[in-house]
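Student: Next comes the structure file input.cif, holding mmCIF, C-alpha atoms.
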```cif
data_entry
#
loop_
_atom_site.group_PDB
_atom_site.id
_atom_site.type_symbol
_atom_site.label_atom_id
_atom_site.label_comp_id
_atom_site.auth_asym_id
_atom_site.auth_seq_id
_atom_site.Cartn_x
_atom_site.Cartn_y
_atom_site.Cartn_z
ATOM 1 C CA MET A 1 209.097 -18.398 209.362
ATOM 2 C CA VAL A 2 208.472 -20.884 206.584
ATOM 3 C CA SER A 3 211.075 -23.643 206.659
ATOM 4 C CA SER A 4 210.580 -24.659 203.001
ATOM 5 C CA ILE A 5 208.309 -24.199 200.001
ATOM 6 C CA THR A 6 207.719 -26.766 197.268
ATOM 7 C CA ILE A 7 206.329 -25.734 193.896
ATOM 8 C CA ASN A 8 203.982 -28.522 192.819
ATOM 9 C CA LYS A 9 202.567 -27.178 189.581
ATOM 10 C CA VAL A 10 202.689 -24.070 187.400
ATOM 11 C CA ARG A 11 199.913 -23.731 184.864
ATOM 12 C CA GLY A 12 198.286 -21.118 182.712
ATOM 13 C CA ARG A 13 194.549 -20.614 182.820
ATOM 14 C CA ASP A 14 193.366 -17.043 182.420
ATOM 15 C CA GLY A 15 196.690 -16.111 183.989
ATOM 16 C CA LEU A 16 199.672 -17.738 185.658
ATOM 17 C CA VAL A 17 198.706 -20.072 188.568
ATOM 18 C CA ILE A 18 201.336 -21.459 190.961
ATOM 19 C CA ASP A 19 200.411 -24.353 193.307
ATOM 20 C CA THR A 20 202.756 -24.681 196.295
ATOM 21 C CA GLU A 21 203.121 -26.380 199.670
ATOM 22 C CA ALA A 22 204.623 -24.409 202.546
ATOM 23 C CA MET A 23 206.196 -26.277 205.461
ATOM 24 C CA MET A 24 205.710 -24.165 208.590
ATOM 25 C CA ALA A 25 207.848 -24.406 211.728
ATOM 26 C CA GLY A 26 204.875 -24.630 214.103
ATOM 27 C CA PRO A 27 201.107 -24.160 214.348
ATOM 28 C CA ASN A 28 201.495 -20.590 215.669
ATOM 29 C CA ASP A 29 203.903 -19.580 212.909
ATOM 30 C CA LEU A 30 202.196 -16.714 211.076
ATOM 31 C CA ASP A 31 205.268 -15.106 209.498
ATOM 32 C CA PHE A 32 204.753 -15.721 205.760
ATOM 33 C CA VAL A 33 205.316 -12.871 203.303
ATOM 34 C CA PRO A 34 205.971 -14.283 199.797
ATOM 35 C CA ARG A 35 207.315 -12.220 196.892
ATOM 36 C CA LEU A 36 207.546 -13.270 193.230
ATOM 37 C CA SER A 37 210.353 -12.301 190.878
ATOM 38 C CA LEU A 38 211.216 -13.303 187.318
ATOM 39 C CA SER A 39 214.747 -13.227 185.961
ATOM 40 C CA GLY A 40 215.220 -14.586 182.470
ATOM 41 C CA GLY A 41 212.994 -17.651 182.425
ATOM 42 C CA ARG A 42 213.294 -18.440 186.138
ATOM 43 C CA LEU A 43 210.451 -17.656 188.554
ATOM 44 C CA THR A 44 211.564 -17.254 192.177
ATOM 45 C CA ILE A 45 209.497 -17.175 195.365
ATOM 46 C CA SER A 46 211.348 -15.295 198.087
ATOM 47 C CA SER A 47 210.642 -14.127 201.617
ATOM 48 C CA GLY A 48 209.513 -10.524 201.968
ATOM 49 C CA ASN A 49 211.066 -10.292 205.429
ATOM 50 C CA ASP A 50 214.704 -11.127 204.763
ATOM 51 C CA GLY A 51 214.790 -11.616 200.974
ATOM 52 C CA SER A 52 215.940 -15.242 201.136
ATOM 53 C CA GLU A 53 215.017 -17.493 198.211
ATOM 54 C CA LEU A 54 212.443 -20.108 199.192
ATOM 55 C CA ALA A 55 211.774 -21.861 195.858
ATOM 56 C CA SER A 56 212.336 -21.386 192.150
ATOM 57 C CA THR A 57 211.371 -23.007 188.873
ATOM 58 C CA ASP A 58 211.954 -22.523 185.161
ATOM 59 C CA LEU A 59 208.945 -21.386 183.152
ATOM 60 C CA GLU A 60 207.961 -22.522 179.682
ATOM 61 C CA GLU A 61 207.607 -19.953 176.910
ATOM 62 C CA GLU A 62 203.798 -19.922 177.156
ATOM 63 C CA MET A 63 203.984 -19.249 180.908
ATOM 64 C CA LEU A 64 206.510 -16.446 180.355
ATOM 65 C CA LEU A 65 204.120 -14.731 177.951
ATOM 66 C CA LEU A 66 201.312 -14.913 180.537
ATOM 67 C CA ALA A 67 203.598 -13.511 183.248
ATOM 68 C CA GLU A 68 204.749 -10.627 181.036
ATOM 69 C CA ARG A 69 201.197 -9.866 179.933
ATOM 70 C CA ASP A 70 199.610 -9.797 183.399
ATOM 71 C CA ARG A 71 202.684 -8.899 185.511
ATOM 72 C CA SER A 72 201.054 -10.904 188.307
ATOM 73 C CA ALA A 73 200.371 -14.513 189.270
ATOM 74 C CA GLU A 74 197.889 -16.351 191.446
ATOM 75 C CA LEU A 75 199.699 -18.109 194.293
ATOM 76 C CA ARG A 76 197.899 -21.056 195.908
ATOM 77 C CA VAL A 77 199.493 -22.286 199.120
ATOM 78 C CA LYS A 78 198.738 -25.402 201.147
ATOM 79 C CA PHE A 79 200.192 -24.955 204.635
ATOM 80 C CA ILE A 80 201.698 -28.002 206.330
ATOM 81 C CA VAL A 81 202.957 -28.004 209.918
ATOM 82 C CA GLU A 82 205.911 -30.236 210.774
ATOM 83 C CA GLY A 83 204.874 -33.071 213.066
ATOM 84 C CA MET A 84 201.138 -32.518 212.566
ATOM 85 C CA HIS A 85 200.447 -33.382 208.931
ATOM 86 C CA GLY A 86 202.141 -36.727 208.597
ATOM 87 C CA ARG A 87 200.514 -40.136 208.521
ATOM 88 C CA LEU A 88 197.939 -40.769 211.192
ATOM 89 C CA THR A 89 198.858 -43.856 213.179
ATOM 90 C CA HIS A 90 195.495 -44.169 214.944
ATOM 91 C CA ILE A 91 192.546 -43.764 212.596
ATOM 92 C CA HIS A 92 189.313 -42.914 214.390
ATOM 93 C CA PRO A 93 186.371 -43.673 212.097
ATOM 94 C CA ILE A 94 183.268 -41.542 212.115
ATOM 95 C CA ILE A 95 180.569 -44.102 212.752
ATOM 96 C CA ALA A 96 177.839 -42.150 210.937
ATOM 97 C CA ASP A 97 179.483 -42.332 207.514
ATOM 98 C CA SER A 98 182.371 -44.780 208.143
ATOM 99 C CA ASN A 99 185.080 -42.314 207.088
ATOM 100 C CA ALA A 100 188.297 -41.693 208.964
ATOM 101 C CA LYS A 101 188.947 -38.275 210.486
ATOM 102 C CA LYS A 102 191.599 -36.105 208.879
ATOM 103 C CA LEU A 103 193.610 -33.223 210.267
ATOM 104 C CA ALA A 104 192.596 -29.799 209.045
ATOM 105 C CA GLU A 105 194.720 -28.360 206.248
ATOM 106 C CA SER A 106 194.724 -24.644 205.747
ATOM 107 C CA ARG A 107 194.883 -23.275 202.221
ATOM 108 C CA TRP A 108 195.510 -19.765 201.008
ATOM 109 C CA LYS A 109 195.069 -18.105 197.627
ATOM 110 C CA THR A 110 196.245 -14.635 196.597
ATOM 111 C CA THR A 111 197.369 -12.664 193.566
ATOM 112 C CA LEU A 112 200.910 -11.305 193.806
ATOM 113 C CA PRO A 113 202.727 -8.888 191.499
ATOM 114 C CA ILE A 114 205.784 -10.216 189.686
ATOM 115 C CA GLU A 115 208.966 -8.169 189.908
ATOM 116 C CA PHE A 116 210.967 -8.374 186.675
ATOM 117 C CA GLU A 117 214.761 -8.275 186.928
#
```
The structure in this file should be written as C-alpha coordinates.

Tutor:
Amino acid sequence: MVSSITINKVRGRDGLVIDTEAMMAGPNDLDFVPRLSLSGGRLTISSGNDGSELASTDLEEEMLLLAERDRSAELRVKFIVEGMHGRLTHIHPIIADSNAKKLAESRWKTTLPIEFE
(Lines of atoms letter the chains of each structure in order from A and count residues from 1; the text may use other names and numbers.)
(Lines give C-alpha, C1' and ligand atoms only; values in the text may rest on other atoms or scores of the structure.)
Protein backbone atom coordinates (compact mmCIF):
# COMPACT_ATOMS: atom_id res chain seq x y z
CA MET A 1 0.00 0.00 0.00
CA VAL A 2 1.18 3.51 -0.76
CA SER A 3 2.06 5.33 2.45
CA SER A 4 1.70 8.84 0.95
CA ILE A 5 1.33 10.71 -2.33
CA THR A 6 2.58 14.23 -3.01
CA ILE A 7 1.18 16.27 -5.88
CA ASN A 8 4.10 18.22 -7.32
CA LYS A 9 2.53 19.98 -10.27
CA VAL A 10 -0.79 20.20 -12.11
CA ARG A 11 -0.64 21.67 -15.59
CA GLY A 12 -2.68 21.82 -18.74
CA ARG A 13 -1.17 20.82 -22.05
CA ASP A 14 -3.52 19.09 -24.46
CA GLY A 15 -5.30 17.87 -21.34
CA LEU A 16 -4.88 17.84 -17.58
CA VAL A 17 -1.47 16.46 -16.44
CA ILE A 18 -0.79 15.63 -12.77
CA ASP A 19 2.83 15.02 -11.62
CA THR A 20 3.05 13.10 -8.34
CA GLU A 21 5.48 11.23 -6.10
CA ALA A 22 4.30 8.06 -4.38
CA MET A 23 6.09 6.87 -1.24
CA MET A 24 5.88 3.06 -1.16
CA ALA A 25 6.20 0.94 1.97
CA GLY A 26 8.77 -1.44 0.46
CA PRO A 27 10.37 -2.55 -2.81
CA ASN A 28 7.90 -5.44 -3.21
CA ASP A 29 4.86 -3.25 -2.60
CA LEU A 30 2.78 -3.50 -5.78
CA ASP A 31 -0.60 -2.49 -4.35
CA PHE A 32 -1.30 0.86 -6.05
CA VAL A 33 -4.73 1.53 -7.54
CA PRO A 34 -5.30 5.31 -7.87
CA ARG A 35 -8.69 6.90 -8.59
CA LEU A 36 -9.38 10.54 -9.47
CA SER A 37 -12.44 12.49 -8.35
CA LEU A 38 -13.45 16.14 -8.67
CA SER A 39 -15.78 17.84 -6.23
CA GLY A 40 -16.30 21.55 -6.73
CA GLY A 41 -12.82 22.80 -7.57
CA ARG A 42 -10.93 20.16 -5.57
CA LEU A 43 -9.21 17.24 -7.31
CA THR A 44 -8.69 14.19 -5.08
CA ILE A 45 -6.50 11.13 -5.60
CA SER A 46 -7.85 8.20 -3.62
CA SER A 47 -7.05 4.51 -3.24
CA GLY A 48 -9.16 2.15 -5.32
CA ASN A 49 -8.79 -0.60 -2.72
CA ASP A 50 -10.21 1.02 0.41
CA GLY A 51 -11.32 4.46 -0.84
CA SER A 52 -9.01 6.41 1.47
CA GLU A 53 -7.92 9.87 0.32
CA LEU A 54 -4.22 9.97 -0.57
CA ALA A 55 -3.80 13.55 -1.83
CA SER A 56 -5.87 16.50 -2.98
CA THR A 57 -5.38 19.92 -4.53
CA ASP A 58 -7.46 22.87 -5.66
CA LEU A 59 -7.62 23.44 -9.41
CA GLU A 60 -7.57 26.76 -11.22
CA GLU A 61 -10.45 27.68 -13.51
CA GLU A 62 -8.48 26.80 -16.66
CA MET A 63 -7.67 23.34 -15.26
CA LEU A 64 -11.32 22.78 -14.31
CA LEU A 65 -12.38 23.48 -17.89
CA LEU A 66 -9.85 20.93 -19.20
CA ALA A 67 -11.05 18.33 -16.68
CA GLU A 68 -14.71 18.87 -17.58
CA ARG A 69 -13.95 18.79 -21.30
CA ASP A 70 -11.89 15.58 -21.31
CA ARG A 71 -13.31 13.88 -18.18
CA SER A 72 -9.87 12.30 -17.76
CA ALA A 73 -6.36 13.26 -16.69
CA GLU A 74 -2.86 11.97 -17.30
CA LEU A 75 -1.30 10.82 -14.03
CA ARG A 76 2.50 10.69 -13.89
CA VAL A 77 3.90 8.93 -10.83
CA LYS A 78 7.47 8.73 -9.59
CA PHE A 79 7.73 5.83 -7.13
CA ILE A 80 10.00 6.26 -4.12
CA VAL A 81 10.75 3.48 -1.63
CA GLU A 82 11.34 4.44 2.00
CA GLY A 83 14.94 3.82 3.01
CA MET A 84 16.18 3.31 -0.55
CA HIS A 85 15.81 6.67 -2.27
CA GLY A 86 17.44 8.99 0.21
CA ARG A 87 20.87 10.55 -0.01
CA LEU A 88 23.67 8.20 -0.92
CA THR A 89 26.37 8.31 1.72
CA HIS A 90 28.97 6.41 -0.33
CA ILE A 91 29.22 7.65 -3.90
CA HIS A 92 30.86 5.15 -6.24
CA PRO A 93 32.04 6.96 -9.38
CA ILE A 94 31.93 5.30 -12.76
CA ILE A 95 35.51 5.63 -13.90
CA ALA A 96 34.66 5.66 -17.62
CA ASP A 97 32.67 8.90 -17.51
CA SER A 98 33.38 10.15 -13.95
CA ASN A 99 29.71 10.21 -12.93
CA ALA A 100 28.34 8.88 -9.67
CA LYS A 101 25.94 5.94 -9.72
CA LYS A 102 22.31 6.61 -8.86
CA LEU A 103 19.60 4.29 -7.61
CA ALA A 104 16.97 3.35 -10.15
CA GLU A 105 13.72 5.31 -9.95
CA SER A 106 10.64 3.79 -11.45
CA ARG A 107 8.15 6.05 -13.18
CA TRP A 108 4.64 5.35 -14.36
CA LYS A 109 2.27 7.23 -16.65
CA THR A 110 -1.41 6.49 -17.27
CA THR A 111 -4.66 8.19 -18.20
CA LEU A 112 -7.39 7.89 -15.57
CA PRO A 113 -11.06 8.87 -15.78
CA ILE A 114 -12.24 11.61 -13.44
CA GLU A 115 -15.33 10.91 -11.36
CA PHE A 116 -17.41 14.06 -10.86
CA GLU A 117 -19.28 14.45 -7.57

Student: Using only C-alpha atoms, which residue out of A:Thr110, A:Glu115, A:Thr6, A:Gly12 lies closest to A:Glu61?

Tutor: A:Gly12

Student: Near A:Asp70, within 10 Å and counting all atoms listed in the file, which residues show up once chain neighbours fewer than 5 positions away are dropped, as a VMD selection string?

Tutor: chain A and resid 14 to 16 65 113 to 114

Student: Can you spell out as a PyMOL selection string the set of residues that the PyMOL selection byres ((chain A and resi 36) around 8) selects in the structure I just provided?

Tutor: chain A and resi 34-35+37-38+43-46+112-115

Student: Pick out the closest residue to A:Val81 from this set: A:Leu54, A:Ile5, A:Gly41, A:Ala22. Count all atoms listed in the file.

Tutor: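 The closest residue to A:Val81 is A:Ala22.
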
Student: Please enumerate the residues selected by the PyMOL selection byres ((chain A and resi 9) around 10) when evaluated against the supplied file, formatted as a list in words.

Tutor: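 On the file shown, the PyMOL selection byres ((chain A and resi 9) around 10) covers Thr6, Ile7, Asn8, Val10, Arg11, Val17, Ile18, Asp19, Thr20, Thr57 and Arg76 of chain A.
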
Student: Pick out the closest residue to A:Met63 from this set: A:Met23, A:Ser3, A:Glu105, A:Arg42. Count all atoms listed in the file.

Tutor: A:Arg42

Student: Residues within 8 Å of A:Leu30, please, as a ChimeraX atom specification. Count all atoms listed in the file; anything in the same chain fewer than 2 positions from it doesn't count.

Tutor: /A:1,28,32

Student: What does the distance between atom CA of A:Leu66 and atom CA of A:Ile80 come to in Å, to one decimal place?

Tutor: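 Computed distance, atom CA of A:Leu66 to atom CA of A:Ile80, equals 28.9 Å.
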
Student: Nearest residue to A:Lys109 out of A:Asp50, A:Asp31, A:Glu21, A:Glu68, using all atoms listed in the file?

Tutor: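 Under the stated criterion, the closest residue is A:Glu21.
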
Student: In Å, with one decimal, what is the gap from atom CA of A:Arg71 to atom CA of A:Val2?

Tutor: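 Going from atom CA of A:Arg71 over to atom CA of A:Val2, I get 24.9 Å.
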